[in-house]
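Take a look at the structure below.
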Amino acid sequence: MAQTPVISEPQPAAAAASRNNDGLEVLETREWLDSLDYVLAKGGPERAGRLLQQLQLHARRAAGINLPFTATTPYQNTIPARHQAPFPGSQEMERRIKSLVRWNAMAMVVRANRVESGIGGHISTYASAATLYEVAFNHFLRARTETGDRDVVYFQGHAAPGMYSRAFLEGRLPKAKLENFRRELKPGGGLSSYPHPWLMPDFWEFPTVSMGLGPIQSIYQARFIKYLENRGLKTSTGGKVWAFLGDGEMDEPESLGSITLASREKLDNLIWVINCNLQRLDGPVRGNGKIIQELEAIFRGAGWNVIKVIWGSDWDSLIQNDRDGLLVRRLGEITDGQYQKFLVESGAYFRQNLFGTDPRLLRMVEHLSDEQLSRMRLGGHDPIKVHAAYKSAFEHTGSPTVILAKTIKGYGLGEAGEGKNITHQQKKLNEDELRMFRSRFGIPIADEELHEAPFYRPADDSAEIQYMLDRRKQLGGFMPERKVRSKPIQPVSESHFEEFYKGTEGREASTTMVFVRLLAKLLRDPEIGKLIVPIIPDEARTFGMEALFRQVGIYSNVGQLYEPVDMDTLLYYKEAKDGQILEEGITEAGSISSFIAAGTAYSHHGINTIPFFIYYSMFGFQRIGDLIWAAADMRVRGFLLGGTAGRTTLAGEGLQHQDGHSHVLALSVPNLLAYDPAFAYEIAIIIQDGIKRMYVDQESIFYYLTLGNEPLPMPHMPEGAGVRDGILKGMYLFKPSEKRDLKLRAQLFGSGSIMFEVLKAQEILESKYGVAADVWSVTSYKQLYRDGNDCERWNMLHSGENPRVPFVTQQLKGTQGVLVAASDYMKVLPESIAKWMPRPLVALGTDGFGRSEGRSSLRDFFEVDAKHIVLATLHALAREKQIEAKVVEQAVKDLGINPEKANPAVS
Ligand SMILES: Cc1ncc(C[n+]2csc(CCOP(=O)(O)OP(=O)(O)O)c2C)c(N)n1
Ligand SMILES: [Mg+2]
């Protein structure tokens, strides 16, 4: 269906007429309406639409009449009954199947909470959405199209019981699993509360239950599919992205924050189904307003195709006979809170309060009994209306579609919660309530068995099961289903990385520059070059990546429709339909959604795209941590690059930008490897190994690397067998002291750019204080922490056996002297591995708020510069009674340290 043109919406003509019931105006209005009806009948709706537009233009030109802009249409279905596509299936059979799904979904939650009170689960959400899902499952969601494509579906997280129940009926999940809903640790396993690919990797594809993450991800997924198609990595075969969402969920900034991207990019492969049950967890979504109208305005304004499914077929004749628009106007006046009240009240209350405001309205429903009135179905519970909306959305081209379907939360629960504010939390049904539910949906369970809320599945050869299976067969298979659809890639040529082992021979380069150079090389690789997806939220110039604009182009679905202002320069801003860079603009949430789409394409599309998402490190874990958590759950693959990293390495930017804790936050993501490399060769080795582990060996891991912008001389990689292994495992000896004969000894640990301060400290200690210090590069505290814990745990569980020794302990075996660590991150990072070190550790770090300052002042302020490393070492030696306290006192003076300076951790 063509999108309704966004023009000023006229007031329903009858509204004006009704204000002057007996005047000329009534007659005049009637004549105009009749004329319009005539044009409609003869020329069709498009002709009538054009005429209305012409009238409006004429009124504006001739008399300056400016109709106010109204973003909403009347409170009725977008698709009138006469334009509805016919329902293709057996309505009766689908109703029976839906009842079975409803029953088992409810039973699953009720049973789980009987076994273990408080285990949770949701009944009312799926109860309200059952028709929305069943029509989709029976007629639209394609696991495989004839051309080998597929639809990608985001299921509303807490509607999961409905999906499990369906899979049970389909014979895909055994009863035992349903018994163990929310009890995954039981023998034989169970079912996870919500969609988690990490926990059910053959079933769920998208973790959606953190509200807002499904909506934004679905937009970027649909865009990424177009990107793959425009770049020739995937053939265009018309797969759709469906997202089933909640109306309350729309309050999340992530839900609505990217909807204009979807229309700008003309994502007609995207269909959102928003279940407008008018309720969220605590109560109404918009008690005093109307969520459907509010969302319609927002989406129409953003250029989406909006299809409202408000009233079921029971309302058709009333609305058709509402010639003067009286009823629709009345329906539009009522608040959502009041609608909710109508639901739980009797038919008489409904008649009196909805229709009773006008005798003409009362006349419209006088042929209906109170009982009939109270049963008038809403659009979202009517398969015919839902099917018509889906079909229209499916066929729509040129923009994304949102379907706003009005439903009742807890539909079918009756007294147990239908439409009530408590319904979201309802997890237990008593026997009477179960009986009522059973009878309402006609489930063949005897009264005496009811108290157990048994699961019910008809025989395999029953008409219901056969119908379900046949429908899914026609649509290419079961859904949801997750699998790895790609084949491993071939190992990447060593030659790309070799240059970095040699260092920069005295020239200065930042680790960001090193990374960009490596990325440019990988992009030229004949095998993996095309698979790389560079993602940047408007910071390419900050990271020195503008050379890539020209090399691989910036993706744009329309190419470049203008002559770029810098066309005559070498590195001009080149946009192209097959451009490779995703230049996302200022949206880390959008960028990580692209990262997730690209990093999971190995599963969803069978394409091994390798995303490199580079951003200001401060705006990563801190800002979009929940999306990174979802990425981890989804078994994403790829590289997150925290640029301009380091609390004291990013100069000038101050408190909001200087990141000294992303590595601490990275500790929390179980399948993420986090590195704070200091040198070019470390970066090369980590990325090389990462590509191998993720794309050749197919491990479910991803990477975080921090990159600094401080130009520094990159050294040659030291010789020695353990270096490569040490880099990957988290530490290796970078520069042992050459003064072996000195009595005083120290082991210094450096990371990232602070490594260069450590190297300076090494020199000072040797030359001024007679301390021979060995310098270690610690590339990853997280790796060492993980390994230490793993060993300790194993030892605890296997006390009789040879204990395992943590890598950090192995590395430091036989070393001498005090231990001092310094990094541009919080002290807790080195401290996290201190217990596996042979002697006490002194940790220096950047706890506290950043400051707008230059690097050397920042390092002095945070006490991570060479002089503080020297002081910490001397202090440790004095503590060990290897030197006298007065040596340290003197050093404080000589080094120019003010002992009374402000404490950076709290100032
Ligand atoms: C980010 C986030 N905040 C809070 C919650 C807790 N929560 C789960 S369901 C829910 C209400 C959902 O309402 P709605 O989106 O309207 O869904 P419905 O169940 O009504 O279909 C809330 C607040 C969550 N899952 N995610
Ligand atoms: Mg809701």
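The chains in the structure tokens are called A, B, ... from first to last as shown; in each chain the residues are counted from 1, and the ligands are counted from 1 in the order shown.
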Give me, as a Markdown table, the closest atom pair and its distance (Å, one decimal) for every residue of chain A within a cut-off of 7 Å of ligand 1, counting only C-alpha atoms and all ligand atoms, rows sorted by chain and rising number.
| residue | atom | partner | partner_atom_place_in_ligand_line | distance |
| --- | --- | --- | --- | --- |
| A:Ser124 | CA | ligand 1 | 19 (O) | 6.9 |
| A:Thr125 | CA | ligand 1 | 19 (O) | 4.3 |
| A:His158 | CA | ligand 1 | 9 (S) | 6.4 |
| A:Val209 | CA | ligand 1 | 25 (N) | 5.0 |
| A:Ser210 | CA | ligand 1 | 26 (N) | 3.7 |
| A:Met211 | CA | ligand 1 | 26 (N) | 4.0 |
| A:Gly212 | CA | ligand 1 | 1 (C) | 6.6 |
| A:Leu245 | CA | ligand 1 | 15 (O) | 6.6 |
| A:Gly246 | CA | ligand 1 | 15 (O) | 3.4 |
| A:Asp247 | CA | ligand 1 | 16 (O) | 4.2 |
| A:Gly248 | CA | ligand 1 | 16 (O) | 3.3 |
| A:Glu249 | CA | ligand 1 | 15 (O) | 3.7 |
| A:Met250 | CA | ligand 1 | 15 (O) | 6.9 |
| A:Asn275 | CA | ligand 1 | 21 (O) | 6.0 |
| A:Asn277 | CA | ligand 1 | 20 (O) | 5.8 |
| A:Leu278 | CA | ligand 1 | 16 (O) | 6.8 |
| A:Gln279 | CA | ligand 1 | 20 (O) | 5.0 |
| A:Arg280 | CA | ligand 1 | 13 (O) | 3.5 |
| A:Leu281 | CA | ligand 1 | 11 (C) | 4.2 |
| A:Val285 | CA | ligand 1 | 16 (O) | 6.8 |
| A:Lys409 | CA | ligand 1 | 20 (O) | 6.4 |
| A:His424 | CA | ligand 1 | 19 (O) | 6.4 |
Would you mind exporting C-alpha atoms of the selected residues as a PDB file, in the first residue's frame?
ATOM      1  CA  SER A 124       0.170 -11.357  30.155  1.00  0.00           C
ATOM      2  CA  THR A 125       2.550 -10.116  27.473  1.00  0.00           C
ATOM      3  CA  HIS A 158       9.414 -11.319  27.762  1.00  0.00           C
ATOM      4  CA  VAL A 209      14.724  -8.159  26.756  1.00  0.00           C
ATOM      5  CA  SER A 210      16.712  -5.121  27.710  1.00  0.00           C
ATOM      6  CA  MET A 211      14.142  -2.697  26.393  1.00  0.00           C
ATOM      7  CA  GLY A 212      15.143  -0.558  23.458  1.00  0.00           C
ATOM      8  CA  LEU A 245       8.021  -4.608  20.335  1.00  0.00           C
ATOM      9  CA  GLY A 246       6.136  -3.255  23.328  1.00  0.00           C
ATOM     10  CA  ASP A 247       4.385   0.102  23.511  1.00  0.00           C
ATOM     11  CA  GLY A 248       6.010   0.834  26.875  1.00  0.00           C
ATOM     12  CA  GLU A 249       9.353  -0.042  25.324  1.00  0.00           C
ATOM     13  CA  MET A 250       8.988   2.937  23.036  1.00  0.00           C
ATOM     14  CA  ASN A 275       1.910  -4.369  20.531  1.00  0.00           C
ATOM     15  CA  ASN A 277      -1.743  -3.127  24.905  1.00  0.00           C
ATOM     16  CA  LEU A 278      -1.678   0.332  26.467  1.00  0.00           C
ATOM     17  CA  GLN A 279       0.143  -1.022  29.501  1.00  0.00           C
ATOM     18  CA  ARG A 280       3.664  -1.368  30.699  1.00  0.00           C
ATOM     19  CA  LEU A 281       4.796  -2.928  33.970  1.00  0.00           C
ATOM     20  CA  VAL A 285       1.696   3.628  29.095  1.00  0.00           C
ATOM     21  CA  LYS A 409      -2.683  -6.992  28.171  1.00  0.00           C
ATOM     22  CA  HIS A 424       2.361  -7.879  34.106  1.00  0.00           C
TER      23      HIS A 424
END
Distance query Asn430 (chain A) at most 10 Å, only C-alpha atoms, self and fewer than 5 positions along chain excluded, as a list in words: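 In the requested format, the answer is Val110, Ala416, Arg435, Leu450, His451 and Ala453 of chain A.
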CA of Leu429 (chain A) to CA of Gln338 (chain A), distance in Å rounded to a single decimal: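 Interatomic distance here is 26.3 Å.
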For Leu233 (chain A), the nearest of the candidates A:Ile536, A:Ala866, A:Asn608, A:Pro718, counting only C-alpha atoms: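 Closest residue, counting only C-alpha atoms: A:Asn608.
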Shell of 10 Å around Gly287 (chain A), only C-alpha atoms, local chain residues under 3 positions omitted, as a list in words: Leu278, Gln279, Gly283, Pro284, Lys290, Ile291, Thr335, Asp336, Gly337, Gln338, Tyr339 and Gln340 of chain A
Residue list (strand (DSSP E), DSSP) for region 133-258 of chain A, as a PyMOL selection string: chain A and resi 152-154+241-246
In region 231-387 of chain A, DSSP alpha helix (DSSP H) residues written as a PyMOL selection string: chain A and resi 253-256+259-264+291-301+316-320+326-333+336-344+347-350+359-364+370-374+383-387
A:Lys266, A:Lys177, A:His661, A:Lys406 ranked by distance to ligand 2, top pick (using only C-alpha atoms and all ligand atoms): A:Lys406
All residues 10 Å or closer to Glu254 (chain A), only C-alpha atoms, same chain fewer than 2 positions away omitted, as a list of chain:residue names: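 The neighbour list is A:Met211, A:Gly212, A:Leu213, A:Gly214, A:Pro215, A:Ile216, A:Gln217, A:Glu249, A:Met250, A:Asp251, A:Glu252, A:Leu256, A:Gly257, A:Ser258, A:Ile259, A:Ala589, A:Gly590.
Nearest to ligand 2 of all the residues A:Leu33, A:Ile685, A:Leu748, A:Leu404 is A:Leu404, counting only C-alpha atoms and all ligand atoms.
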Which of A:Trp103, A:Phe244, A:Phe224, A:Phe639 sits closest to ligand 2 [using only C-alpha atoms and all ligand atoms]: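 For ligand 2, the nearest of the given residues is A:Phe244.
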Shortest interatomic distance to Ser737 (chain A) - which of A:Ala843, A:Ala772, A:Ala891, A:Leu141, counting only C-alpha atoms: A:Ala772
Residue with smallest distance to ligand 2 - pool A:Gly896, A:Gly529, A:Gly638, A:Gly419, counting only C-alpha atoms and all ligand atoms: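 Among the listed residues, the smallest separation from ligand 2 belongs to A:Gly419.
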Near-Pro207 (chain A) list (10 Å; only C-alpha atoms; drop same-chain fewer than 2 positions) as a PyMOL selection string: chain A and resi 154-157+194-198+204-205+209-211+213-214+627+629-634
Write the selection just made, keeping C-alpha atoms, as an mmCIF file, in the first residue's frame?
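That gives us again.cif:
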data_model
loop_
_atom_site.group_PDB
_atom_site.id
_atom_site.type_symbol
_atom_site.label_atom_id
_atom_site.label_comp_id
_atom_site.auth_asym_id
_atom_site.auth_seq_id
_atom_site.Cartn_x
_atom_site.Cartn_y
_atom_site.Cartn_z
ATOM 1 C CA TYR A 154 13.378 -9.817 16.779
ATOM 2 C CA PHE A 155 10.953 -11.348 19.272
ATOM 3 C CA GLN A 156 9.856 -9.321 22.257
ATOM 4 C CA GLY A 157 11.994 -10.681 25.088
ATOM 5 C CA TYR A 194 14.469 -14.543 27.850
ATOM 6 C CA PRO A 195 16.103 -14.805 24.428
ATOM 7 C CA HIS A 196 19.807 -15.462 24.982
ATOM 8 C CA PRO A 197 21.883 -16.838 22.104
ATOM 9 C CA TRP A 198 24.680 -17.451 24.583
ATOM 10 C CA TRP A 204 17.607 -17.615 19.969
ATOM 11 C CA GLU A 205 19.279 -15.103 17.693
ATOM 12 C CA VAL A 209 14.724 -8.159 26.756
ATOM 13 C CA SER A 210 16.712 -5.121 27.710
ATOM 14 C CA MET A 211 14.142 -2.697 26.393
ATOM 15 C CA LEU A 213 18.006 -2.754 22.265
ATOM 16 C CA GLY A 214 15.803 -4.788 19.923
ATOM 17 C CA LEU A 627 24.623 -2.989 23.849
ATOM 18 C CA TRP A 629 26.650 -6.905 26.754
ATOM 19 C CA ALA A 630 24.014 -7.842 24.164
ATOM 20 C CA ALA A 631 26.764 -8.197 21.550
ATOM 21 C CA ALA A 632 28.562 -10.618 23.850
ATOM 22 C CA ASP A 633 25.363 -12.604 24.401
ATOM 23 C CA MET A 634 24.954 -12.783 20.600
#
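Note that the spacing between CA of Thr779 (chain A) and CA of Pro677 (chain A) amounts to 5.1 Å.
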Residue neighbourhood Gln810 (chain A), 10 Å, only C-alpha atoms, exclusion window fewer than 3 positions, as number ranges by chain: A: 804-807, 813-814, 836-838
